>>> print(open('my_file_22.txt').read())   # compact mmCIF, N, CA and C atoms
# COMPACT_ATOMS: atom_id res chain seq x y z
N MET A 282 120.34 111.52 109.01
CA MET A 282 121.10 110.65 108.14
C MET A 282 121.66 111.46 106.97
N THR A 283 122.74 110.97 106.37
CA THR A 283 123.40 111.65 105.26
C THR A 283 122.60 111.46 103.98
N ILE A 284 122.99 112.15 102.94
CA ILE A 284 122.29 112.01 101.67
C ILE A 284 122.43 110.59 101.13
N GLY A 285 123.58 109.98 101.34
CA GLY A 285 123.77 108.60 100.90
C GLY A 285 122.85 107.64 101.64
N GLU A 286 122.71 107.85 102.94
CA GLU A 286 121.81 107.00 103.73
C GLU A 286 120.35 107.25 103.34
N ALA A 287 120.00 108.51 103.11
CA ALA A 287 118.64 108.84 102.68
C ALA A 287 118.36 108.24 101.31
N SER A 288 119.35 108.26 100.45
CA SER A 288 119.22 107.67 99.13
C SER A 288 118.96 106.17 99.24
N HIS A 289 119.75 105.51 100.05
CA HIS A 289 119.60 104.07 100.24
C HIS A 289 118.23 103.74 100.86
N ALA A 290 117.82 104.49 101.85
CA ALA A 290 116.56 104.23 102.55
C ALA A 290 115.33 104.52 101.69
N SER A 291 115.46 105.48 100.78
CA SER A 291 114.30 105.89 99.98
C SER A 291 114.26 105.27 98.59
N GLY A 292 115.42 104.84 98.09
CA GLY A 292 115.48 104.34 96.72
C GLY A 292 115.62 105.44 95.69
N VAL A 293 115.88 106.65 96.13
CA VAL A 293 116.06 107.80 95.25
C VAL A 293 117.54 108.14 95.24
N SER A 294 118.12 108.29 94.05
CA SER A 294 119.55 108.58 93.97
C SER A 294 119.87 109.93 94.60
N ALA A 295 121.09 110.06 95.08
CA ALA A 295 121.53 111.32 95.68
C ALA A 295 121.40 112.46 94.69
N LYS A 296 121.70 112.19 93.44
CA LYS A 296 121.58 113.23 92.40
C LYS A 296 120.14 113.70 92.28
N MET A 297 119.19 112.77 92.31
CA MET A 297 117.78 113.15 92.19
C MET A 297 117.31 113.86 93.46
N ILE A 298 117.81 113.45 94.61
CA ILE A 298 117.44 114.15 95.84
C ILE A 298 117.85 115.61 95.74
N ARG A 299 119.08 115.86 95.29
CA ARG A 299 119.54 117.24 95.13
C ARG A 299 118.67 117.99 94.14
N TYR A 300 118.31 117.32 93.02
CA TYR A 300 117.47 117.94 92.01
C TYR A 300 116.09 118.27 92.58
N TYR A 301 115.48 117.35 93.30
CA TYR A 301 114.16 117.59 93.89
C TYR A 301 114.21 118.76 94.86
N GLU A 302 115.31 118.89 95.59
CA GLU A 302 115.47 120.04 96.48
C GLU A 302 115.60 121.33 95.65
N GLU A 303 116.38 121.26 94.59
CA GLU A 303 116.63 122.44 93.74
C GLU A 303 115.35 122.98 93.14
N ILE A 304 114.46 122.09 92.68
CA ILE A 304 113.23 122.55 92.03
C ILE A 304 112.10 122.77 93.03
N GLY A 305 112.36 122.52 94.31
CA GLY A 305 111.37 122.78 95.35
C GLY A 305 110.35 121.68 95.55
N LEU A 306 110.58 120.52 94.95
CA LEU A 306 109.64 119.41 95.14
C LEU A 306 109.68 118.91 96.59
N ILE A 307 110.87 118.90 97.15
CA ILE A 307 111.03 118.59 98.57
C ILE A 307 111.77 119.75 99.23
N SER A 308 111.57 119.89 100.51
CA SER A 308 112.24 120.97 101.25
C SER A 308 113.73 120.68 101.32
N PRO A 309 114.53 121.74 101.29
CA PRO A 309 115.98 121.53 101.46
C PRO A 309 116.28 120.86 102.79
N ALA A 310 117.26 120.00 102.77
CA ALA A 310 117.66 119.30 103.99
C ALA A 310 118.33 120.26 104.95
N GLY A 311 118.29 119.89 106.21
CA GLY A 311 119.05 120.64 107.20
C GLY A 311 120.54 120.43 106.91
N ARG A 312 121.35 121.24 107.53
CA ARG A 312 122.80 121.16 107.31
C ARG A 312 123.52 121.02 108.64
N THR A 313 124.62 120.28 108.59
CA THR A 313 125.48 120.16 109.76
C THR A 313 126.40 121.37 109.80
N ALA A 314 127.18 121.47 110.85
CA ALA A 314 128.15 122.57 110.98
C ALA A 314 129.15 122.54 109.83
N SER A 315 129.44 121.35 109.32
CA SER A 315 130.37 121.25 108.18
C SER A 315 129.65 121.27 106.84
N ASN A 316 128.37 121.68 106.84
CA ASN A 316 127.56 121.91 105.65
C ASN A 316 127.11 120.63 104.93
N TYR A 317 127.12 119.50 105.60
CA TYR A 317 126.58 118.28 105.02
C TYR A 317 125.06 118.26 105.18
N ARG A 318 124.37 117.74 104.17
CA ARG A 318 122.93 117.61 104.26
C ARG A 318 122.58 116.55 105.31
N VAL A 319 121.48 116.81 106.02
CA VAL A 319 121.00 115.87 107.03
C VAL A 319 119.51 115.65 106.79
N TYR A 320 119.11 114.39 106.70
CA TYR A 320 117.72 114.03 106.43
C TYR A 320 117.13 113.29 107.62
N ASP A 321 115.85 113.56 107.87
CA ASP A 321 115.17 112.85 108.94
C ASP A 321 114.18 111.84 108.34
N ARG A 322 113.48 111.14 109.19
CA ARG A 322 112.54 110.11 108.75
C ARG A 322 111.45 110.68 107.85
N ASP A 323 110.94 111.86 108.19
CA ASP A 323 109.90 112.48 107.37
C ASP A 323 110.41 112.78 105.96
N SER A 324 111.64 113.25 105.86
CA SER A 324 112.23 113.52 104.54
C SER A 324 112.32 112.24 103.72
N VAL A 325 112.75 111.17 104.35
CA VAL A 325 112.87 109.89 103.66
C VAL A 325 111.49 109.39 103.22
N ASN A 326 110.47 109.57 104.06
CA ASN A 326 109.11 109.18 103.67
C ASN A 326 108.63 109.98 102.47
N ARG A 327 108.94 111.26 102.44
CA ARG A 327 108.56 112.10 101.29
C ARG A 327 109.29 111.64 100.03
N LEU A 328 110.55 111.29 100.18
CA LEU A 328 111.31 110.79 99.02
C LEU A 328 110.72 109.48 98.52
N ARG A 329 110.32 108.61 99.41
CA ARG A 329 109.67 107.36 99.00
C ARG A 329 108.37 107.65 98.26
N PHE A 330 107.62 108.62 98.77
CA PHE A 330 106.37 109.03 98.13
C PHE A 330 106.65 109.51 96.71
N VAL A 331 107.64 110.37 96.56
CA VAL A 331 108.00 110.90 95.25
C VAL A 331 108.44 109.77 94.32
N ARG A 332 109.28 108.87 94.82
CA ARG A 332 109.75 107.75 94.00
C ARG A 332 108.58 106.92 93.50
N ARG A 333 107.65 106.60 94.39
CA ARG A 333 106.50 105.78 93.99
C ARG A 333 105.61 106.51 93.00
N SER A 334 105.38 107.78 93.25
CA SER A 334 104.57 108.57 92.32
C SER A 334 105.20 108.59 90.94
N ARG A 335 106.49 108.83 90.88
CA ARG A 335 107.20 108.87 89.60
C ARG A 335 107.20 107.50 88.94
N SER A 336 107.32 106.43 89.74
CA SER A 336 107.32 105.08 89.16
C SER A 336 105.96 104.73 88.55
N LEU A 337 104.91 105.40 89.00
CA LEU A 337 103.58 105.20 88.42
C LEU A 337 103.33 106.14 87.24
N GLY A 338 104.34 106.92 86.90
CA GLY A 338 104.25 107.76 85.71
C GLY A 338 103.70 109.16 85.93
N PHE A 339 103.49 109.55 87.18
CA PHE A 339 103.03 110.91 87.42
C PHE A 339 104.17 111.88 87.12
N SER A 340 103.81 113.01 86.52
CA SER A 340 104.80 114.04 86.21
C SER A 340 105.28 114.69 87.51
N LEU A 341 106.32 115.50 87.39
CA LEU A 341 106.79 116.24 88.57
C LEU A 341 105.70 117.17 89.10
N GLU A 342 104.97 117.82 88.20
CA GLU A 342 103.90 118.72 88.61
C GLU A 342 102.80 117.95 89.31
N GLU A 343 102.43 116.80 88.76
CA GLU A 343 101.40 115.98 89.40
C GLU A 343 101.89 115.46 90.75
N THR A 344 103.14 115.07 90.81
CA THR A 344 103.72 114.59 92.07
C THR A 344 103.70 115.70 93.12
N GLU A 345 104.01 116.92 92.70
CA GLU A 345 103.96 118.04 93.64
C GLU A 345 102.53 118.23 94.16
N ARG A 346 101.56 118.14 93.27
CA ARG A 346 100.15 118.27 93.68
C ARG A 346 99.75 117.14 94.62
N LEU A 347 100.20 115.93 94.33
CA LEU A 347 99.90 114.79 95.21
C LEU A 347 100.55 114.97 96.59
N LEU A 348 101.76 115.50 96.61
CA LEU A 348 102.41 115.77 97.89
C LEU A 348 101.61 116.79 98.71
N LYS A 349 101.11 117.82 98.04
CA LYS A 349 100.30 118.82 98.74
C LYS A 349 99.02 118.19 99.29
N LEU A 350 98.41 117.33 98.50
CA LEU A 350 97.21 116.65 98.98
C LEU A 350 97.54 115.72 100.14
N TRP A 351 98.67 115.05 100.05
CA TRP A 351 99.10 114.14 101.12
C TRP A 351 99.31 114.91 102.42
N ASP A 352 99.88 116.10 102.29
CA ASP A 352 100.13 116.95 103.46
C ASP A 352 98.85 117.53 104.06
N ASP A 353 97.83 117.71 103.22
CA ASP A 353 96.58 118.33 103.64
C ASP A 353 95.67 117.27 104.27
N LYS A 354 95.63 117.23 105.58
CA LYS A 354 94.82 116.21 106.26
C LYS A 354 93.32 116.46 106.11
N ALA A 355 92.94 117.65 105.64
CA ALA A 355 91.53 117.96 105.41
C ALA A 355 91.14 117.79 103.94
N ARG A 356 92.02 117.16 103.17
CA ARG A 356 91.78 116.99 101.73
C ARG A 356 90.54 116.13 101.48
N ALA A 357 90.01 116.28 100.29
CA ALA A 357 88.93 115.41 99.82
C ALA A 357 89.57 114.32 98.97
N SER A 358 89.30 113.09 99.29
CA SER A 358 89.90 112.00 98.51
C SER A 358 89.41 112.01 97.07
N ALA A 359 88.29 112.68 96.82
CA ALA A 359 87.75 112.76 95.46
C ALA A 359 88.76 113.41 94.51
N GLU A 360 89.50 114.40 95.00
CA GLU A 360 90.48 115.07 94.15
C GLU A 360 91.63 114.12 93.80
N VAL A 361 92.06 113.33 94.78
CA VAL A 361 93.12 112.36 94.54
C VAL A 361 92.64 111.31 93.54
N LYS A 362 91.43 110.83 93.73
CA LYS A 362 90.87 109.83 92.82
C LYS A 362 90.75 110.38 91.41
N ALA A 363 90.31 111.61 91.28
CA ALA A 363 90.18 112.23 89.95
C ALA A 363 91.54 112.31 89.26
N MET A 364 92.57 112.67 90.02
CA MET A 364 93.92 112.72 89.44
C MET A 364 94.35 111.33 88.97
N ALA A 365 94.09 110.33 89.78
CA ALA A 365 94.48 108.96 89.43
C ALA A 365 93.74 108.50 88.19
N LEU A 366 92.45 108.76 88.11
CA LEU A 366 91.66 108.32 86.95
C LEU A 366 92.06 109.06 85.67
N THR A 367 92.38 110.33 85.80
CA THR A 367 92.88 111.08 84.64
C THR A 367 94.19 110.47 84.16
N HIS A 368 95.03 110.12 85.11
CA HIS A 368 96.32 109.51 84.75
C HIS A 368 96.10 108.15 84.09
N VAL A 369 95.14 107.39 84.56
CA VAL A 369 94.82 106.09 83.94
C VAL A 369 94.41 106.30 82.48
N GLU A 370 93.58 107.29 82.22
CA GLU A 370 93.18 107.59 80.84
C GLU A 370 94.38 107.93 79.97
N GLU A 371 95.30 108.73 80.51
CA GLU A 371 96.51 109.09 79.77
C GLU A 371 97.36 107.84 79.49
N LEU A 372 97.46 106.97 80.48
CA LEU A 372 98.22 105.72 80.29
C LEU A 372 97.57 104.84 79.24
N GLU A 373 96.26 104.75 79.25
CA GLU A 373 95.56 103.93 78.26
C GLU A 373 95.80 104.46 76.85
N THR A 374 95.83 105.77 76.69
CA THR A 374 96.12 106.37 75.38
C THR A 374 97.55 106.01 74.95
N LYS A 375 98.50 106.14 75.88
CA LYS A 375 99.90 105.80 75.56
C LYS A 375 100.04 104.32 75.22
N ILE A 376 99.34 103.47 75.96
CA ILE A 376 99.39 102.03 75.69
C ILE A 376 98.87 101.74 74.28
N ALA A 377 97.77 102.36 73.91
CA ALA A 377 97.20 102.16 72.57
C ALA A 377 98.18 102.65 71.50
N GLU A 378 98.80 103.79 71.73
CA GLU A 378 99.78 104.31 70.77
C GLU A 378 100.98 103.37 70.66
N MET A 379 101.45 102.85 71.77
CA MET A 379 102.59 101.94 71.74
C MET A 379 102.22 100.61 71.07
N GLN A 380 101.00 100.14 71.30
CA GLN A 380 100.55 98.91 70.64
C GLN A 380 100.49 99.11 69.13
N ALA A 381 100.04 100.28 68.70
CA ALA A 381 100.00 100.57 67.26
C ALA A 381 101.42 100.61 66.69
N MET A 382 102.37 101.20 67.43
CA MET A 382 103.76 101.23 66.97
C MET A 382 104.31 99.81 66.86
N ARG A 383 104.03 99.00 67.88
CA ARG A 383 104.48 97.61 67.88
C ARG A 383 103.91 96.86 66.68
N ASP A 384 102.61 97.01 66.45
CA ASP A 384 101.96 96.31 65.34
C ASP A 384 102.57 96.72 64.00
N THR A 385 102.84 98.01 63.83
CA THR A 385 103.45 98.50 62.60
C THR A 385 104.84 97.90 62.41
N LEU A 386 105.64 97.90 63.46
CA LEU A 386 106.99 97.35 63.36
C LEU A 386 106.98 95.84 63.10
N VAL A 387 106.07 95.12 63.72
CA VAL A 387 105.95 93.68 63.45
C VAL A 387 105.58 93.47 61.99
N HIS A 388 104.61 94.24 61.51
CA HIS A 388 104.18 94.14 60.11
C HIS A 388 105.36 94.40 59.16
N LEU A 389 106.11 95.46 59.41
CA LEU A 389 107.25 95.79 58.56
C LEU A 389 108.33 94.71 58.64
N ALA A 390 108.62 94.24 59.83
CA ALA A 390 109.66 93.21 60.00
C ALA A 390 109.27 91.91 59.30
N GLU A 391 107.99 91.58 59.31
CA GLU A 391 107.53 90.37 58.62
C GLU A 391 107.72 90.47 57.12
N ARG A 392 107.74 91.67 56.57
CA ARG A 392 107.88 91.87 55.14
C ARG A 392 109.32 92.08 54.70
N CYS A 393 110.22 92.15 55.64
CA CYS A 393 111.63 92.34 55.31
C CYS A 393 112.31 90.97 55.23
N HIS A 394 113.02 90.73 54.14
CA HIS A 394 113.71 89.46 53.98
C HIS A 394 114.86 89.30 54.97
N GLY A 395 115.45 90.38 55.36
CA GLY A 395 116.57 90.31 56.29
C GLY A 395 117.76 89.60 55.67
N ASP A 396 117.97 89.80 54.38
CA ASP A 396 119.08 89.13 53.68
C ASP A 396 120.05 90.19 53.16
N ASN A 397 120.78 89.88 52.11
CA ASN A 397 121.81 90.78 51.56
C ASN A 397 121.26 91.80 50.57
N ARG A 398 119.98 91.71 50.25
CA ARG A 398 119.41 92.68 49.31
C ARG A 398 119.24 94.04 49.98
N PRO A 399 119.39 95.11 49.22
CA PRO A 399 119.31 96.44 49.82
C PRO A 399 117.89 96.91 50.12
N ASN A 400 116.88 96.40 49.40
CA ASN A 400 115.51 96.86 49.63
C ASN A 400 115.04 96.43 51.00
N CYS A 401 114.51 97.39 51.74
CA CYS A 401 114.06 97.10 53.10
C CYS A 401 112.79 97.90 53.38
N PRO A 402 111.68 97.22 53.64
CA PRO A 402 110.44 97.94 53.91
C PRO A 402 110.48 98.77 55.19
N ILE A 403 111.32 98.38 56.11
CA ILE A 403 111.42 99.13 57.36
C ILE A 403 112.03 100.50 57.08
N LEU A 404 113.17 100.50 56.39
CA LEU A 404 113.82 101.77 56.06
C LEU A 404 112.96 102.60 55.11
N ALA A 405 112.30 101.94 54.16
CA ALA A 405 111.43 102.67 53.22
C ALA A 405 110.30 103.35 53.97
N ASP A 406 109.72 102.66 54.94
CA ASP A 406 108.64 103.27 55.73
C ASP A 406 109.15 104.46 56.54
N LEU A 407 110.33 104.31 57.15
CA LEU A 407 110.90 105.42 57.92
C LEU A 407 111.18 106.63 57.03
N GLU A 408 111.55 106.35 55.80
CA GLU A 408 111.82 107.41 54.83
C GLU A 408 110.53 108.04 54.33
N GLY A 409 109.42 107.33 54.50
CA GLY A 409 108.13 107.84 54.03
C GLY A 409 107.75 107.32 52.67
N HIS A 410 108.45 106.28 52.19
CA HIS A 410 108.17 105.71 50.88
C HIS A 410 107.99 104.20 51.00
N PRO A 411 106.79 103.73 51.35
CA PRO A 411 106.58 102.29 51.45
C PRO A 411 106.92 101.59 50.13
N LEU A 412 107.50 100.42 50.23
CA LEU A 412 107.90 99.66 49.06
C LEU A 412 106.76 98.81 48.52
N ARG A 413 106.16 99.21 47.43
CA ARG A 413 105.20 98.45 46.64
C ARG A 413 104.02 97.83 47.38
N GLN A 414 103.72 98.24 48.57
CA GLN A 414 102.51 97.79 49.25
C GLN A 414 102.25 98.70 50.43
N THR A 415 101.04 98.62 50.93
CA THR A 415 100.72 99.38 52.12
C THR A 415 100.60 98.42 53.29
N ALA A 416 100.61 98.96 54.46
CA ALA A 416 100.53 98.13 55.66
C ALA A 416 99.19 97.44 55.77
N THR A 417 98.14 98.01 55.17
CA THR A 417 96.82 97.43 55.31
C THR A 417 96.42 96.57 54.12
N ALA A 418 97.13 96.70 52.98
CA ALA A 418 96.75 95.95 51.79
C ALA A 418 97.97 95.29 51.17
N PRO A 419 98.35 94.09 51.67
CA PRO A 419 99.52 93.42 51.10
C PRO A 419 99.30 93.11 49.62
N ARG A 420 100.37 93.20 48.87
CA ARG A 420 100.33 92.93 47.44
C ARG A 420 100.14 91.43 47.24
N ALA A 421 99.29 91.05 46.35
CA ALA A 421 99.05 89.64 46.05
C ALA A 421 100.33 89.00 45.52
N GLY A 422 100.59 87.80 45.93
CA GLY A 422 101.73 87.06 45.38
C GLY A 422 103.04 87.26 46.09
N GLY A 423 103.10 87.89 47.24
CA GLY A 423 104.38 87.99 47.92
C GLY A 423 104.52 89.24 48.73
N ASP A 424 105.72 89.45 49.19
CA ASP A 424 105.97 90.62 50.00
C ASP A 424 106.60 91.72 49.17
N CYS A 425 107.07 92.73 49.81
CA CYS A 425 107.48 93.93 49.09
C CYS A 425 108.94 93.97 48.71
N CYS A 426 109.75 93.06 49.19
CA CYS A 426 111.19 93.21 49.00
C CYS A 426 111.73 92.23 47.99
N GLY A 427 112.14 92.70 46.86
CA GLY A 427 112.93 91.93 45.90
C GLY A 427 112.36 90.59 45.48
N ASP A 428 111.11 90.51 45.08
CA ASP A 428 110.53 89.25 44.60
C ASP A 428 111.24 88.76 43.37
>>> encode(input="my_file_22.txt", output="C-alpha cells")
Amino acid sequence: MTIGEASHASGVSAKMIRYYEEIGLISPAGRTASNYRVYDRDSVNRLRFVRRSRSLGFSLEETERLLKLWDDKARASAEVKAMALTHVEELETKIAEMQAMRDTLVHLAERCHGDNRPNCPILADLEGHPLRQTATAPRAGGDCCGD
C-alpha cells in the first residue's frame, strides 16, 4: 500500500511516517520501480503500535524500546511492566504539577475584577510581584485589585 493508504490504515500522518523512518524508529519502506514507498501489513501494525504508544505519552526513545520488546518473543514481561509503571509515576507527577498550575490560576482569576481597572493579580503574579496579598493568605476585607 502507498504511504497515504498506510497513513489512513494506521492513523499516523504521512509526514510522521517519513519522520519515523528518518530517525530509524521504523524500517524504511520498500520502494516501487518509480520510487514510491510501499508498506505491508506488518509496517502498518508497527505504525499503529507507535501511534498508541505515543498517545499514551511514551517518548520516542521509550517507544523504540517497547518496539524492541514487542519484537523479542523471548522477552520478560516484567521489563514491559516496569516501563509502564515508571511511566505511570511520571504521569502522576505531571498531573500533580498541572493541578497546582490550575489551582493557582483559579485563585488568581478569582481575585481579578476583570473590569476597566489596570491592576491585575494575574499579570502581577506573572511579573513576579503579587498585588497586596499572597496566594495562601488573602488580605482581610477584600481582594487585591483596586479596593
>>> closest_residue(input="my_file_22.txt", among="A:Arg322, A:His368, A:Lys354, A:Arg327", to="A:Ser340", atoms="only C-alpha atoms")
A:His368
>>> select_by_dssp(input="my_file_22.txt", residues="chain A", states="strand (DSSP E or B)", output="VMD selection string")
chain A and resid 311 to 312 318 to 319
>>> write_last_selection(input="my_file_22.txt", atoms="N, CA and C atoms", output="mmCIF file, in the frame of the given file")
data_model
loop_
_atom_site.group_PDB
_atom_site.id
_atom_site.type_symbol
_atom_site.label_atom_id
_atom_site.label_comp_id
_atom_site.auth_asym_id
_atom_site.auth_seq_id
_atom_site.Cartn_x
_atom_site.Cartn_y
_atom_site.Cartn_z
ATOM 1 N N GLY A 311 118.290 119.890 106.210
ATOM 2 C CA GLY A 311 119.050 120.640 107.200
ATOM 3 C C GLY A 311 120.540 120.430 106.910
ATOM 4 N N ARG A 312 121.350 121.240 107.530
ATOM 5 C CA ARG A 312 122.800 121.160 107.310
ATOM 6 C C ARG A 312 123.520 121.020 108.640
ATOM 7 N N ARG A 318 124.370 117.740 104.170
ATOM 8 C CA ARG A 318 122.930 117.610 104.260
ATOM 9 C C ARG A 318 122.580 116.550 105.310
ATOM 10 N N VAL A 319 121.480 116.810 106.020
ATOM 11 C CA VAL A 319 121.000 115.870 107.030
ATOM 12 C C VAL A 319 119.510 115.650 106.790
#
>>> atom_distance(input="my_file_22.txt", atom1="atom CA of A:Glu371", atom2="atom C of A:Gly338")
9.5 Å
>>> closest_residue(input="my_file_22.txt", among="A:Ser291, A:Thr385, A:Thr374, A:Asn400", to="A:Arg333", atoms="only N, CA and C atoms")
A:Ser291
>>> atom_distance(input="my_file_22.txt", atom1="atom CA of A:Ser288", atom2="atom CA of A:Val325")
8.1 Å
>>> closest_atom_pairs(input="my_file_22.txt", of="stretch 304-397 of chain A", to="stretch 296-300 of chain A", cutoff="7 Å", atoms="only N, CA and C atoms", output="tab-separated table")
residue	atom	partner	partner_atom	distance
A:Ile304	N	A:Tyr300	C	4.2
A:Gly305	N	A:Tyr300	C	5.9
A:Leu306	N	A:Tyr300	C	6.4
A:Ile307	N	A:Tyr300	C	7.0
>>> select_by_dssp(input="my_file_22.txt", residues="chain A", states="alpha helix (DSSP H)", output="ChimeraX atom specification")
/A:284-291,295-303,322-336,341-352,358-392,402-408
>>> atom_distance(input="my_file_22.txt", atom1="atom CA of A:Lys349", atom2="atom CA of A:Val369")
20.3 Å
>>> residues_around(input="my_file_22.txt", residues="stretch 360-362 of chain A", least_positions_apart="4", cutoff="8 Å", atoms="only N, CA and C atoms", output="ChimeraX atom specification")
/A:347,350,356,366-368
>>> residues_around(input="my_file_22.txt", residues="A:Ala310", least_positions_apart="4", cutoff="8 Å", atoms="only N, CA and C atoms", output="PDB file with N, CA and C atoms, keeping the file's coordinate frame")
ATOM      1  N   GLU A 302     115.310 118.890  95.590  1.00  0.00           N
ATOM      2  CA  GLU A 302     115.470 120.040  96.480  1.00  0.00           C
ATOM      3  C   GLU A 302     115.600 121.330  95.650  1.00  0.00           C
ATOM      4  N   TYR A 317     127.120 119.500 105.600  1.00  0.00           N
ATOM      5  CA  TYR A 317     126.580 118.280 105.020  1.00  0.00           C
ATOM      6  C   TYR A 317     125.060 118.260 105.180  1.00  0.00           C
ATOM      7  N   ARG A 318     124.370 117.740 104.170  1.00  0.00           N
ATOM      8  CA  ARG A 318     122.930 117.610 104.260  1.00  0.00           C
ATOM      9  C   ARG A 318     122.580 116.550 105.310  1.00  0.00           C
ATOM     10  N   VAL A 319     121.480 116.810 106.020  1.00  0.00           N
ATOM     11  CA  VAL A 319     121.000 115.870 107.030  1.00  0.00           C
ATOM     12  C   VAL A 319     119.510 115.650 106.790  1.00  0.00           C
ATOM     13  N   TYR A 320     119.110 114.390 106.700  1.00  0.00           N
ATOM     14  CA  TYR A 320     117.720 114.030 106.430  1.00  0.00           C
ATOM     15  C   TYR A 320     117.130 113.290 107.620  1.00  0.00           C
ATOM     16  N   ASP A 321     115.850 113.560 107.870  1.00  0.00           N
ATOM     17  CA  ASP A 321     115.170 112.850 108.940  1.00  0.00           C
ATOM     18  C   ASP A 321     114.180 111.840 108.340  1.00  0.00           C
ATOM     19  N   SER A 324     111.640 113.250 105.860  1.00  0.00           N
ATOM     20  CA  SER A 324     112.230 113.520 104.540  1.00  0.00           C
ATOM     21  C   SER A 324     112.320 112.240 103.720  1.00  0.00           C
TER      22      SER A 324
END
>>> axis_aligned_box(input="my_file_22.txt", around="stretch 334-342 of chain A", padding_each_side="4 Å", output="JSON")
{"center_x": 105.1, "center_y": 111.7, "center_z": 89.5, "size_x": 12.5, "size_y": 22.0, "size_z": 15.5}
>>> decode(input="my_file_22.txt", residues="stretch 357-376 of chain A", atoms="C-alpha atoms", output="compact mmCIF listing (two decimals), in the first residue's frame")
# COMPACT_ATOMS: atom_id res chain seq x y z
CA ALA A 357 10.30 -10.90 30.03
CA SER A 358 7.01 -9.13 30.59
CA ALA A 359 8.48 -7.79 33.83
CA GLU A 360 10.55 -5.30 31.83
CA VAL A 361 7.48 -4.06 29.97
CA LYS A 362 5.56 -3.75 33.23
CA ALA A 363 8.41 -1.83 34.85
CA MET A 364 8.45 0.62 31.95
CA ALA A 365 4.69 1.10 32.22
CA LEU A 366 4.80 1.66 35.99
CA THR A 367 7.66 4.13 35.68
CA HIS A 368 5.63 5.99 33.09
CA VAL A 369 2.60 5.99 35.42
CA GLU A 370 4.74 7.62 38.13
CA GLU A 371 5.90 10.28 35.66
CA LEU A 372 2.29 10.93 34.62
CA GLU A 373 1.19 11.24 38.24
CA THR A 374 3.91 13.85 38.83
CA LYS A 375 2.81 15.79 35.74
CA ILE A 376 -0.84 15.57 36.81
